[in-house]
file entry.cif (mmCIF, C-alpha atoms)
data_start
loop_
_atom_site.label_atom_id
_atom_site.label_comp_id
_atom_site.auth_asym_id
_atom_site.auth_seq_id
_atom_site.Cartn_x
_atom_site.Cartn_y
_atom_site.Cartn_z
CA MET B 13 -12.71 -21.02 11.68
CA ARG B 14 -10.83 -19.57 8.72
CA HIS B 15 -12.37 -17.04 6.40
CA THR B 16 -11.87 -16.21 2.77
CA ILE B 17 -10.81 -12.77 1.56
CA LYS B 18 -14.42 -12.24 0.51
CA ASP B 19 -15.60 -12.97 4.05
CA ILE B 20 -13.20 -10.48 5.62
CA PHE B 21 -14.24 -7.57 3.48
CA SER B 22 -17.95 -8.27 3.09
CA ASN B 23 -19.62 -8.53 6.51
CA ARG B 24 -21.44 -5.41 7.64
CA PRO B 25 -21.56 -4.95 11.41
CA SER B 26 -24.55 -3.41 13.14
CA HIS B 27 -24.27 0.16 14.41
CA THR B 28 -23.92 0.48 18.19
CA GLY B 29 -25.23 4.05 18.36
CA ARG B 30 -22.15 5.54 20.03
CA GLU B 31 -22.49 9.31 20.19
CA GLU B 32 -19.65 10.56 22.35
CA ASP B 33 -16.96 12.75 20.81
CA LEU B 34 -13.79 10.98 21.95
CA TYR B 35 -11.16 13.18 20.38
CA LYS B 36 -11.66 16.64 18.95
CA VAL B 37 -9.88 18.01 15.90
CA ARG B 38 -10.06 21.68 15.01
CA ARG B 39 -13.24 22.43 13.03
CA ILE B 40 -14.24 18.76 12.57
CA PRO B 41 -18.01 18.33 13.07
CA TYR B 42 -19.32 15.18 14.72
CA LYS B 43 -22.89 14.10 13.97
CA LYS B 44 -25.11 11.47 15.52
CA ASP B 45 -26.16 10.32 12.06
CA ASP B 46 -23.15 8.31 10.81
CA LEU B 47 -24.57 7.96 7.30
CA ARG B 48 -24.83 11.74 7.12
CA ILE B 49 -21.15 11.98 8.06
CA LEU B 50 -20.22 9.68 5.20
CA GLU B 51 -22.48 11.55 2.78
CA ASP B 52 -21.01 14.93 3.74
CA LEU B 53 -17.49 13.54 3.57
CA LEU B 54 -17.97 12.16 0.07
CA LYS B 55 -19.71 15.33 -1.14
CA SER B 56 -16.81 17.40 0.18
CA SER B 57 -14.22 15.18 -1.44
CA ARG B 58 -16.05 15.21 -4.78
CA ARG B 59 -16.38 18.99 -4.63
CA LEU B 60 -12.68 19.40 -3.98
CA THR B 61 -11.77 16.67 -6.42
CA HIS B 62 -13.87 17.73 -9.41
CA GLY B 63 -14.63 21.35 -8.64
CA GLY B 64 -11.82 22.58 -10.82
CA ASN B 65 -10.16 24.91 -8.31
CA LYS B 66 -8.10 27.32 -10.30
CA GLY B 67 -4.44 26.44 -10.34
CA SER B 68 -4.90 23.17 -8.50
CA GLY B 69 -3.45 20.95 -11.22
CA ASP B 70 -4.03 17.25 -11.82
CA PHE B 71 -2.46 14.49 -9.76
CA HIS B 72 -2.72 10.76 -9.52
CA GLY B 73 -2.26 8.56 -6.47
CA GLY B 74 -1.47 4.87 -6.35
CA GLY B 75 -0.47 2.00 -4.14
CA ILE B 76 -2.44 -0.52 -2.16
CA GLY B 77 -5.40 1.26 -0.68
CA GLY B 78 -4.80 4.39 -2.72
CA GLY B 79 -2.85 7.62 -2.70
CA GLY B 80 -4.13 11.18 -2.75
CA PHE B 81 -6.90 12.82 -4.75
CA GLU B 82 -6.27 13.46 -8.41
CA ASN B 83 -7.45 17.08 -8.37
CA GLY B 84 -8.14 19.87 -5.94
CA ARG B 85 -6.51 21.37 -2.92
CA GLU B 86 -7.46 18.72 -0.38
CA GLN B 87 -4.45 17.24 1.38
CA ARG B 88 -3.16 14.01 -0.12
CA VAL B 89 -2.58 10.96 2.09
CA MET B 90 -1.14 7.60 1.12
CA PHE B 91 -2.97 4.72 2.80
CA LYS B 92 -2.17 0.99 2.69
CA ALA B 93 -3.78 -1.91 4.51
CA SER B 94 -3.15 -5.63 4.85
CA TYR B 95 -4.24 -8.38 7.19
CA SER B 96 -2.98 -11.64 8.72
CA TYR B 97 -4.51 -14.49 10.71
CA SER B 98 -1.28 -15.39 12.52
CA GLN B 99 -1.18 -14.82 16.28
CA SER B 100 2.63 -14.95 16.30
CA VAL B 101 2.84 -12.38 13.48
CA HIS B 102 0.36 -10.21 15.37
CA GLU B 103 2.45 -10.32 18.55
CA LYS B 104 5.73 -9.72 16.74
CA TYR B 105 4.28 -6.81 14.82
CA LEU B 106 3.24 -5.09 18.06
CA ARG B 107 6.32 -5.95 20.13
CA THR B 108 9.07 -5.75 17.54
CA TYR B 109 8.13 -3.99 14.32
CA MET B 110 6.02 -1.10 15.57
CA PRO B 111 8.41 -0.07 18.40
CA GLN B 112 11.34 -0.80 16.02
CA GLU B 113 13.07 -3.08 18.49
CA ASN B 114 14.60 -4.86 15.50
CA LYS B 115 16.41 -1.71 14.32
CA SER B 116 19.48 -0.91 16.38
CA GLU B 117 20.12 2.23 14.32
CA VAL B 118 16.91 3.78 15.68
CA GLU B 119 18.02 5.19 19.03
CA GLU B 120 14.77 6.91 20.01
CA LYS B 121 12.18 4.16 19.82
CA PRO B 122 8.57 5.00 18.87
CA GLN B 123 6.02 5.14 21.68
CA LEU B 124 2.82 3.23 20.98
CA PHE B 125 -0.57 4.82 21.59
CA GLY B 126 -4.23 3.85 21.30
CA THR B 127 -5.81 1.06 23.34
CA PRO B 128 -3.75 0.45 26.54
CA GLU B 129 -1.22 -2.32 26.01
CA ASP B 130 -2.58 -4.66 28.71
CA GLU B 131 -6.17 -4.27 27.49
CA TYR B 132 -5.18 -4.92 23.88
CA GLY B 133 -3.06 -7.93 24.83
CA ALA B 134 -5.83 -9.51 26.88
CA ASN B 135 -8.17 -9.37 23.89
CA MET B 136 -5.71 -10.08 21.07
CA ASP B 137 -7.08 -12.16 18.20
CA GLY B 138 -5.12 -13.95 15.49
CA LEU B 139 -6.74 -11.81 12.80
CA HIS B 140 -5.38 -8.27 12.67
CA PHE B 141 -5.27 -5.41 10.18
CA LYS B 142 -2.06 -3.45 9.57
CA CYS B 143 -2.29 0.06 8.14
CA ILE B 144 0.18 2.68 6.96
CA ILE B 145 -0.79 6.36 6.94
CA SER B 146 1.59 8.74 5.16
CA PRO B 147 0.41 12.32 4.50
CA GLU B 148 2.10 14.40 1.83
CA ASN B 149 2.15 17.32 4.30
CA GLN B 150 4.70 16.58 7.01
CA ASP B 151 3.35 19.16 9.47
CA VAL B 152 0.47 16.85 10.41
CA ASN B 153 0.25 15.58 13.97
CA LEU B 154 0.21 11.88 13.07
CA GLU B 155 -0.98 10.65 16.46
CA LEU B 156 -3.91 13.06 16.37
CA LEU B 157 -4.70 12.07 12.78
CA SER B 158 -4.59 8.37 13.72
CA ARG B 159 -6.95 8.84 16.65
CA GLU B 160 -9.45 10.81 14.61
CA PHE B 161 -9.23 8.25 11.81
CA ILE B 162 -10.07 5.39 14.18
CA LYS B 163 -12.92 7.37 15.72
CA ARG B 164 -14.45 7.97 12.31
CA VAL B 165 -14.02 4.35 11.23
CA GLU B 166 -15.88 3.35 14.39
CA ALA B 167 -18.63 5.86 13.62
CA LEU B 168 -19.04 4.51 10.09
CA THR B 169 -18.96 0.80 11.01
CA GLY B 170 -20.41 0.59 14.52
CA TYR B 171 -17.33 -1.22 15.82
CA ARG B 172 -15.59 -0.30 19.09
CA LEU B 173 -12.05 -1.14 18.09
CA TYR B 174 -9.01 -2.38 19.93
CA TRP B 175 -6.10 -0.68 18.17
CA ARG B 176 -2.48 0.38 18.63
CA GLY B 177 -0.54 3.02 16.72
CA CYS B 178 2.94 4.50 16.41
CA VAL B 179 4.87 7.03 14.35
CA HIS B 180 8.04 6.05 12.47
CA THR B 181 10.55 8.81 11.74
CA ASP B 182 13.50 6.76 10.45
CA THR B 183 12.70 7.47 6.79
CA PRO B 184 12.67 10.82 4.93
CA HIS B 185 8.86 10.76 5.11
CA ARG B 186 7.28 10.46 8.57
CA HIS B 187 4.39 7.99 8.66
CA ALA B 188 2.10 6.21 11.11
CA HIS B 189 1.47 2.50 11.54
CA LEU B 190 -1.78 1.18 12.99
CA CYS B 191 -2.68 -2.32 14.12
CA ILE B 192 -6.41 -3.10 14.47
CA ASN B 193 -7.51 -6.20 16.34
CA GLY B 194 -9.76 -8.73 14.58
CA LYS B 195 -12.34 -8.66 17.41
CA ASP B 196 -13.81 -5.50 18.84
CA LYS B 197 -14.84 -4.58 22.39
CA ASP B 198 -18.29 -6.07 21.88
CA GLY B 199 -16.86 -9.40 20.74
CA LYS B 200 -17.74 -8.77 17.09
CA ASN B 201 -15.50 -10.07 14.30
CA VAL B 202 -14.02 -7.02 12.58
CA ARG B 203 -14.55 -6.96 8.82
CA PHE B 204 -14.01 -4.12 6.35
CA GLN B 205 -15.46 -3.92 2.86
CA LYS B 206 -12.92 -3.59 0.04
CA GLU B 207 -14.38 -0.29 -1.08
CA MET B 208 -14.08 1.10 2.43
CA ILE B 209 -10.35 0.35 2.46
CA ARG B 210 -9.68 1.48 -1.08
CA THR B 211 -11.76 4.66 -1.05
CA THR B 212 -13.59 5.70 2.13
CA MET B 213 -10.66 5.30 4.55
CA ARG B 214 -8.33 7.23 2.26
CA GLU B 215 -10.88 9.97 1.70
CA THR B 216 -11.50 10.20 5.44
CA LEU B 217 -7.77 10.68 6.07
CA SER B 218 -7.51 13.30 3.35
CA TYR B 219 -10.56 15.14 4.66
CA VAL B 220 -9.36 15.18 8.28
CA THR B 221 -5.79 16.14 7.31
CA THR B 222 -7.14 19.11 5.35
CA LEU B 223 -9.12 20.26 8.36
CA MET B 224 -6.02 19.92 10.55
CA VAL B 225 -3.48 21.81 8.42
CA GLY B 226 -5.59 23.57 5.81
CA GLU B 227 -5.78 23.18 2.04
CA ARG B 228 -2.69 22.60 -0.05
CA THR B 229 -0.87 25.80 -0.92
CA ASP B 230 0.21 26.79 -4.42
CA ARG B 231 3.77 25.92 -3.41
CA GLU B 232 2.77 22.43 -2.23
CA ILE B 233 0.88 21.84 -5.45
CA GLU B 234 3.86 22.97 -7.51
CA VAL B 235 6.23 20.69 -5.58
CA ALA B 236 3.84 17.77 -6.11
CA ARG B 237 3.71 18.59 -9.82
CA GLN B 238 7.51 18.58 -10.01
CA ASN B 239 7.66 15.30 -8.11
CA MET B 240 5.19 13.79 -10.57
CA VAL B 241 7.57 14.50 -13.44
CA ASN B 242 10.16 12.20 -11.83
CA ALA B 243 7.77 9.61 -10.37
CA ARG B 244 8.60 5.97 -11.08
CA ARG B 245 4.92 5.03 -11.36
CA TRP B 246 1.93 5.74 -13.59
CA THR B 247 0.80 9.38 -13.33
CA LYS B 248 -1.61 11.84 -14.91
CA LEU B 249 1.24 13.00 -17.13
CA ASP B 250 1.49 9.48 -18.52
CA GLU B 251 -2.24 9.50 -19.22
CA ALA B 252 -1.60 12.57 -21.36
CA LEU B 253 1.30 10.84 -23.14
CA GLU B 254 -0.81 7.73 -23.75
CA ARG B 255 -2.93 9.72 -26.20
CA TYR B 256 0.06 10.02 -28.52
CA SER B 257 1.44 7.29 -30.75
CA GLY B 258 4.59 6.94 -32.78
CA LYS B 259 6.93 9.92 -32.82
CA ILE B 260 6.16 12.51 -30.14
CA SER B 261 7.51 15.96 -30.91
CA THR B 262 8.23 18.07 -27.83
CA GLY B 263 7.53 21.28 -29.72
CA GLY B 264 3.86 21.65 -28.86
CA LEU B 265 3.79 19.75 -25.58
CA PRO B 266 3.16 21.34 -22.16
CA THR B 267 6.41 21.80 -20.27
CA ASP B 268 5.71 19.19 -17.61
CA VAL B 269 4.68 16.58 -20.19
CA ALA B 270 7.87 17.21 -22.18
CA SER B 271 9.89 16.94 -18.96
CA ARG B 272 8.15 13.65 -18.22
CA LEU B 273 9.22 12.30 -21.61
CA ALA B 274 12.81 13.27 -20.88
CA PHE B 275 12.68 11.46 -17.52
CA LEU B 276 11.17 8.34 -19.10
CA SER B 277 14.10 8.39 -21.50
CA GLU B 278 16.54 8.51 -18.55
CA ILE B 279 15.03 5.38 -17.00
CA GLY B 280 14.78 3.49 -20.27
CA LEU B 281 11.08 3.75 -21.06
CA SER B 282 11.37 6.05 -24.06
CA GLU B 283 13.98 6.77 -26.73
CA LYS B 284 15.25 10.23 -27.56
CA HIS B 285 15.81 11.11 -31.20
CA ALA B 286 16.49 14.33 -33.05
CA GLY B 287 13.42 16.46 -32.36
CA TYR B 288 11.18 13.71 -30.99
CA TYR B 289 10.74 10.87 -28.50
CA ALA B 290 9.36 7.36 -29.01
CA LEU B 291 7.82 5.46 -26.10
CA LYS B 292 9.03 1.88 -25.75
CA SER B 293 6.69 -1.07 -25.96
CA GLY B 294 5.32 -1.99 -22.54
CA TRP B 295 6.27 1.32 -20.92
CA LYS B 296 2.86 1.63 -19.24
CA ASP B 297 3.01 -1.91 -17.84
CA VAL B 298 6.37 -1.14 -16.22
CA LEU B 299 5.10 2.05 -14.56
CA VAL B 300 1.87 0.46 -13.35
CA ALA B 301 3.79 -2.56 -11.96
CA THR B 302 6.28 -0.28 -10.20
CA GLY B 303 3.40 1.64 -8.62
CA ARG B 304 2.40 -1.59 -6.88
CA TYR B 305 5.85 -3.12 -6.36
CA ASN B 306 8.51 -0.44 -6.12
CA THR B 307 11.42 -2.78 -6.83
CA PHE B 308 10.01 -3.84 -10.19
CA ILE B 309 11.57 -1.13 -12.35
CA GLY B 310 15.05 -1.72 -10.92
CA GLU B 311 14.80 -5.42 -11.77
CA TRP B 312 13.35 -4.54 -15.18
CA GLN B 313 16.38 -2.36 -15.89
CA LYS B 314 18.81 -5.07 -14.73
CA ALA B 315 17.09 -7.53 -17.07
CA GLY B 316 17.43 -5.17 -20.02
CA GLY B 317 13.68 -4.86 -20.32
CA ASN B 318 13.11 -8.63 -20.39
CA LEU B 319 10.92 -8.81 -17.29
CA ALA B 320 7.17 -9.29 -16.97
CA LEU B 321 4.92 -9.09 -13.91
CA TYR B 322 3.45 -12.44 -12.88
CA SER B 323 -0.27 -12.64 -13.62
CA GLY B 324 -1.14 -16.08 -12.27
CA GLY B 325 -0.87 -19.68 -13.40
CA THR B 326 2.14 -21.98 -13.13
CA VAL B 327 5.74 -20.91 -13.70
CA ARG B 328 8.69 -23.36 -13.76
CA GLY B 329 12.26 -22.14 -14.04
CA ILE B 330 15.45 -21.02 -12.35
CA CYS B 331 15.18 -18.55 -9.48
CA GLU B 332 17.61 -15.78 -10.45
CA ASN B 333 16.98 -13.36 -7.60
CA VAL B 334 15.18 -13.04 -4.28
CA ILE B 335 13.94 -9.70 -2.92
CA THR B 336 13.09 -9.66 0.77
CA PHE B 337 12.32 -6.95 3.30
CA ASP B 338 11.09 -6.87 6.86
CA LYS B 339 9.04 -10.03 7.40
CA ASP B 340 6.36 -8.16 9.34
CA GLU B 341 5.73 -5.50 6.72
CA ALA B 342 6.48 -7.36 3.50
CA TRP B 343 4.88 -5.27 0.78
CA ASN B 344 7.57 -6.02 -1.79
CA ASP B 345 9.00 -9.50 -1.29
CA ALA B 346 9.48 -11.14 -4.69
CA VAL B 347 11.35 -13.76 -6.68
CA ILE B 348 12.68 -13.39 -10.22
CA VAL B 349 12.25 -16.60 -12.22
CA LYS B 350 13.78 -17.30 -15.63
CA GLU B 351 11.47 -19.56 -17.58
CA GLY B 352 12.93 -20.36 -20.98
CA GLY B 353 13.79 -17.06 -22.63
CA ARG B 354 11.70 -14.84 -20.39
CA ARG B 355 12.03 -13.48 -16.87
CA ILE B 356 9.07 -13.12 -14.51
CA TYR B 357 8.77 -10.93 -11.42
CA ILE B 358 6.62 -12.80 -8.88
CA PRO B 359 5.47 -10.84 -5.79
CA VAL B 360 5.37 -13.04 -2.69
CA TRP B 361 3.53 -12.35 0.56
CA GLN B 362 6.07 -12.58 3.43
CA LEU B 363 8.57 -14.89 1.74
CA SER B 364 9.96 -17.42 4.24
CA LYS B 365 11.72 -19.96 2.01
CA GLU B 366 15.52 -19.64 1.93
CA ASN B 367 18.31 -20.62 -0.48
CA LEU B 368 16.18 -20.27 -3.60
CA ILE B 369 18.70 -18.49 -5.85
CA GLY B 370 19.99 -20.77 -8.57
CA ARG B 371 17.41 -23.45 -7.79
CA GLN B 372 14.79 -24.92 -10.10
CA ILE B 373 11.40 -23.96 -8.68
CA GLU B 374 7.73 -24.11 -9.53
CA VAL B 375 5.27 -21.37 -8.62
CA SER B 376 1.57 -22.04 -8.98
CA GLY B 377 -1.83 -20.95 -7.77
CA GLY B 378 -1.13 -17.24 -7.44
CA LYS B 379 -4.01 -14.81 -7.87
CA ARG B 380 -4.07 -11.05 -7.62
CA ALA B 381 -5.54 -10.15 -4.22
CA LEU B 382 -4.84 -6.87 -2.40
CA SER B 383 -1.08 -6.56 -1.86
CA ARG B 384 -0.01 -10.14 -2.54
CA GLN B 385 -0.10 -12.67 -5.35
CA VAL B 386 1.53 -15.85 -4.05
CA ARG B 387 2.63 -17.21 -0.69
CA SER B 388 5.73 -19.16 0.26
CA SER B 389 3.57 -22.31 0.22
CA ASP B 390 2.94 -21.70 -3.52
CA ILE B 391 6.68 -22.07 -4.22
CA ARG B 392 8.02 -25.63 -4.61
CA LEU B 393 11.62 -26.75 -5.09
CA ILE B 394 11.76 -29.20 -7.99
CA ASP B 395 15.50 -29.56 -8.67
CA ARG B 396 15.89 -32.07 -5.83
CA GLU B 397 13.13 -34.20 -7.29
CA GLN B 398 15.02 -34.41 -10.57
CA LYS B 399 18.39 -35.45 -9.07
CA PRO B 400 19.33 -39.17 -9.05
CA GLN B 401 19.11 -40.75 -5.61
CA GLY B 402 20.88 -43.76 -4.06
CA ARG B 403 24.13 -45.63 -4.80
CA SER B 404 22.88 -47.24 -8.00
CA ALA B 405 22.15 -43.85 -9.42
CA LEU B 406 25.68 -42.67 -8.53
CA ARG B 407 27.12 -45.69 -10.37
CA GLY B 408 25.06 -44.80 -13.43
CA GLU B 409 22.88 -47.95 -13.19
#

call {"tool": "encode", "arguments": {"input": "entry.cif", "output": "structure tokens"}}
result
Amino acid sequence: MRHTIKDIFSNRPSHTGREEDLYKVRRIPYKKDDLRILEDLLKSSRRLTHGGNKGSGDFHGGGIGGGGFENGREQRVMFKASYSYSQSVHEKYLRTYMPQENKSEVEEKPQLFGTPEDEYGANMDGLHFKCIISPENQDVNLELLSREFIKRVEALTGYRLYWRGCVHTDTPHRHAHLCINGKDKDGKNVRFQKEMIRTTMRETLSYVTTLMVGERTDREIEVARQNMVNARRWTKLDEALERYSGKISTGGLPTDVASRLAFLSEIGLSEKHAGYYALKSGWKDVLVATGRYNTFIGEWQKAGGNLALYSGGTVRGICENVITFDKDEAWNDAVIVKEGGRRIYIPVWQLSKENLIGRQIEVSGGKRALSRQVRSSDIRLIDREQKPQGRSALRGE
């Protein structure tokens, strides 16, 4: 039986009453009352987020599932989640992607942890949830963080989860991958509410990370502030700039806001003039789109600014470019379609169609939902349908 997206993120499981403390983290309290845990967690995050700690600065997180807190000294953690119903994708993700068997350049392969491999395999369901955990602070023990995260998710939902995790170190920023089975140890179908993924899970990770390594230092906050100046996504600095219109003089601006304007000029989103800057039309749309799909701004620059993010409906035109990544972690697959005089960036969930460049295609039925908008099945080749067929056609009859 297949389920809709609404089904997956709506069912509330019953609480099993588990009370054992499976994995201790320094100074993390564990309570029998799971609702009290959630209440305390949210109170803590709101206190740190809105308490106005002196010198903490303002920050903005983004991405599927959310980034870090906007304010305060609590550690920031990027969290993303997706799901699939495919048994073959599930198996390949565990056996190939997580241990990086498909990457010959990775000599020291990651070791998986969590539910024992044989136990997980014997209970594997087609439905599975894939998560990425990436703390800003790189001193975090990612395996420990992953285990505590799962324990707290179980406490809040009542599930007893089958799960596997690993740590990838082949990028400049170490991060953990988790795979959660679609059925738990009690035979329950695993479902997570949207708000739990977008808010509670991220806040849980931030809360636990802060307890593990302490609050963010002034130096960490300053580095994050500097990184925000050069971020290719929508930030709090852009919210400040949005209040201005027309010519923006740098004379009375805070230093970081003025620096942000200069960076936006470097990437083509503002124009520098004598004594002032002018933001280009659509600059916010580009930054917001790039926050979700990190290849968008590069394609926007290549197109000379003539590129819009697909928002649904039917598009017919020439496929000018195809962007593909690892098929088992396809957050940013996309096609660029030229329809008349405009170009459209269309995110695709795990693109499988080949030889699309230069072809006349039709894309239809896409709707914004979590990290994807259309599937390969929503893309149809139409140039073949328009070509003459048979000998009579070749003779011009």

call {"tool": "resolve_selection", "arguments": {"input": "entry.cif", "expression": "the PyMOL selection byres ((chain B and resi 185-189) around 12)", "output": "PDB file with C-alpha atoms, in the frame of the given file"}}
result
ATOM      1  CA  VAL B  89      -2.580  10.960   2.090  1.00  0.00           C
ATOM      2  CA  MET B  90      -1.140   7.600   1.120  1.00  0.00           C
ATOM      3  CA  PHE B  91      -2.970   4.720   2.800  1.00  0.00           C
ATOM      4  CA  LYS B  92      -2.170   0.990   2.690  1.00  0.00           C
ATOM      5  CA  ALA B  93      -3.780  -1.910   4.510  1.00  0.00           C
ATOM      6  CA  SER B  94      -3.150  -5.630   4.850  1.00  0.00           C
ATOM      7  CA  TYR B 105       4.280  -6.810  14.820  1.00  0.00           C
ATOM      8  CA  LEU B 106       3.240  -5.090  18.060  1.00  0.00           C
ATOM      9  CA  TYR B 109       8.130  -3.990  14.320  1.00  0.00           C
ATOM     10  CA  MET B 110       6.020  -1.100  15.570  1.00  0.00           C
ATOM     11  CA  PRO B 111       8.410  -0.070  18.400  1.00  0.00           C
ATOM     12  CA  GLN B 112      11.340  -0.800  16.020  1.00  0.00           C
ATOM     13  CA  PRO B 122       8.570   5.000  18.870  1.00  0.00           C
ATOM     14  CA  GLN B 123       6.020   5.140  21.680  1.00  0.00           C
ATOM     15  CA  LEU B 124       2.820   3.230  20.980  1.00  0.00           C
ATOM     16  CA  PHE B 125      -0.570   4.820  21.590  1.00  0.00           C
ATOM     17  CA  GLY B 126      -4.230   3.850  21.300  1.00  0.00           C
ATOM     18  CA  PHE B 141      -5.270  -5.410  10.180  1.00  0.00           C
ATOM     19  CA  LYS B 142      -2.060  -3.450   9.570  1.00  0.00           C
ATOM     20  CA  CYS B 143      -2.290   0.060   8.140  1.00  0.00           C
ATOM     21  CA  ILE B 144       0.180   2.680   6.960  1.00  0.00           C
ATOM     22  CA  ILE B 145      -0.790   6.360   6.940  1.00  0.00           C
ATOM     23  CA  SER B 146       1.590   8.740   5.160  1.00  0.00           C
ATOM     24  CA  PRO B 147       0.410  12.320   4.500  1.00  0.00           C
ATOM     25  CA  GLU B 148       2.100  14.400   1.830  1.00  0.00           C
ATOM     26  CA  ASN B 149       2.150  17.320   4.300  1.00  0.00           C
ATOM     27  CA  GLN B 150       4.700  16.580   7.010  1.00  0.00           C
ATOM     28  CA  ASP B 151       3.350  19.160   9.470  1.00  0.00           C
ATOM     29  CA  VAL B 152       0.470  16.850  10.410  1.00  0.00           C
ATOM     30  CA  ASN B 153       0.250  15.580  13.970  1.00  0.00           C
ATOM     31  CA  LEU B 154       0.210  11.880  13.070  1.00  0.00           C
ATOM     32  CA  GLU B 155      -0.980  10.650  16.460  1.00  0.00           C
ATOM     33  CA  LEU B 156      -3.910  13.060  16.370  1.00  0.00           C
ATOM     34  CA  LEU B 157      -4.700  12.070  12.780  1.00  0.00           C
ATOM     35  CA  SER B 158      -4.590   8.370  13.720  1.00  0.00           C
ATOM     36  CA  ARG B 159      -6.950   8.840  16.650  1.00  0.00           C
ATOM     37  CA  PHE B 161      -9.230   8.250  11.810  1.00  0.00           C
ATOM     38  CA  TRP B 175      -6.100  -0.680  18.170  1.00  0.00           C
ATOM     39  CA  ARG B 176      -2.480   0.380  18.630  1.00  0.00           C
ATOM     40  CA  GLY B 177      -0.540   3.020  16.720  1.00  0.00           C
ATOM     41  CA  CYS B 178       2.940   4.500  16.410  1.00  0.00           C
ATOM     42  CA  VAL B 179       4.870   7.030  14.350  1.00  0.00           C
ATOM     43  CA  HIS B 180       8.040   6.050  12.470  1.00  0.00           C
ATOM     44  CA  THR B 181      10.550   8.810  11.740  1.00  0.00           C
ATOM     45  CA  ASP B 182      13.500   6.760  10.450  1.00  0.00           C
ATOM     46  CA  THR B 183      12.700   7.470   6.790  1.00  0.00           C
ATOM     47  CA  PRO B 184      12.670  10.820   4.930  1.00  0.00           C
ATOM     48  CA  LEU B 190      -1.780   1.180  12.990  1.00  0.00           C
ATOM     49  CA  CYS B 191      -2.680  -2.320  14.120  1.00  0.00           C
ATOM     50  CA  ILE B 192      -6.410  -3.100  14.470  1.00  0.00           C
ATOM     51  CA  LEU B 217      -7.770  10.680   6.070  1.00  0.00           C
ATOM     52  CA  ASP B 340       6.360  -8.160   9.340  1.00  0.00           C
ATOM     53  CA  GLU B 341       5.730  -5.500   6.720  1.00  0.00           C
TER      54      GLU B 341
END

call {"tool": "resolve_selection", "arguments": {"input": "entry.cif", "expression": "the PyMOL selection byres ((chain B and resi 355) around 10)", "output": "PyMOL selection string"}}
result
chain B and resi 311-312+315+317-322+329-332+348-354+356-358

call {"tool": "atom_distance", "arguments": {"input": "entry.cif", "atom1": "atom CA of B:Val269", "atom2": "atom CA of B:Leu253"}}
result
7.3 Å

call {"tool": "atom_distance", "arguments": {"input": "entry.cif", "atom1": "atom CA of B:Trp295", "atom2": "atom CA of B:Val241"}}
result
15.2 Å

call {"tool": "closest_residue", "arguments": {"input": "entry.cif", "among": "B:Val165, B:Val360, B:Ile309, B:Ile373", "to": "B:Ile209", "atoms": "only C-alpha atoms"}}
result
B:Val165

call {"tool": "closest_residue", "arguments": {"input": "entry.cif", "among": "B:Ile162, B:Ala270, B:Leu173, B:Val327", "to": "B:Asn135", "atoms": "only C-alpha atoms"}}
result
B:Leu173

call {"tool": "residues_around", "arguments": {"input": "entry.cif", "residues": "B:Gln238", "least_positions_apart": "2", "cutoff": "12 Å", "atoms": "all atoms listed in the file", "output": "list in words"}}
result
Gly69, Asp70, Phe71, Arg231, Glu232, Ile233, Glu234, Val235, Ala236, Met240, Val241, Asn242, Ala243, Thr247, Leu249, Thr267, Asp268, Val269, Ser271, Arg272 and Phe275 of chain B

call {"tool": "resolve_selection", "arguments": {"input": "entry.cif", "expression": "the PyMOL selection byres ((chain B and resi 172) around 8)", "output": "list in words"}}
result
Glu166, Gly170, Tyr171, Leu173, Tyr174, Asp196, Lys197 and Asp198 of chain B

call {"tool": "atom_distance", "arguments": {"input": "entry.cif", "atom1": "atom CA of B:Gly316", "atom2": "atom CA of B:Val334"}}
result
17.7 Å

call {"tool": "residues_around", "arguments": {"input": "entry.cif", "residues": "B:Ser100", "least_positions_apart": "4", "cutoff": "12 Å", "atoms": "all atoms listed in the file", "output": "VMD selection string"}}
result
chain B and resid 96 104 to 108 136 to 140 340

call {"tool": "closest_residue", "arguments": {"input": "entry.cif", "among": "B:Arg164, B:Arg237, B:Lys314, B:His285", "to": "B:Thr212", "atoms": "all atoms listed in the file"}}
result
B:Arg164

call {"tool": "residues_around", "arguments": {"input": "entry.cif", "residues": "B:Asp297", "least_positions_apart": "4", "cutoff": "10 Å", "atoms": "all atoms listed in the file", "output": "number ranges by chain"}}
result
B: 245-246, 293, 301-303, 320-321

call {"tool": "closest_residue", "arguments": {"input": "entry.cif", "among": "B:Leu273, B:Val220, B:Lys206, B:Arg304", "to": "B:Lys292", "atoms": "all atoms listed in the file"}}
result
B:Leu273

call {"tool": "closest_residue", "arguments": {"input": "entry.cif", "among": "B:Lys365, B:Leu291, B:Glu86, B:Ser257", "to": "B:Glu227", "atoms": "only C-alpha atoms"}}
result
B:Glu86
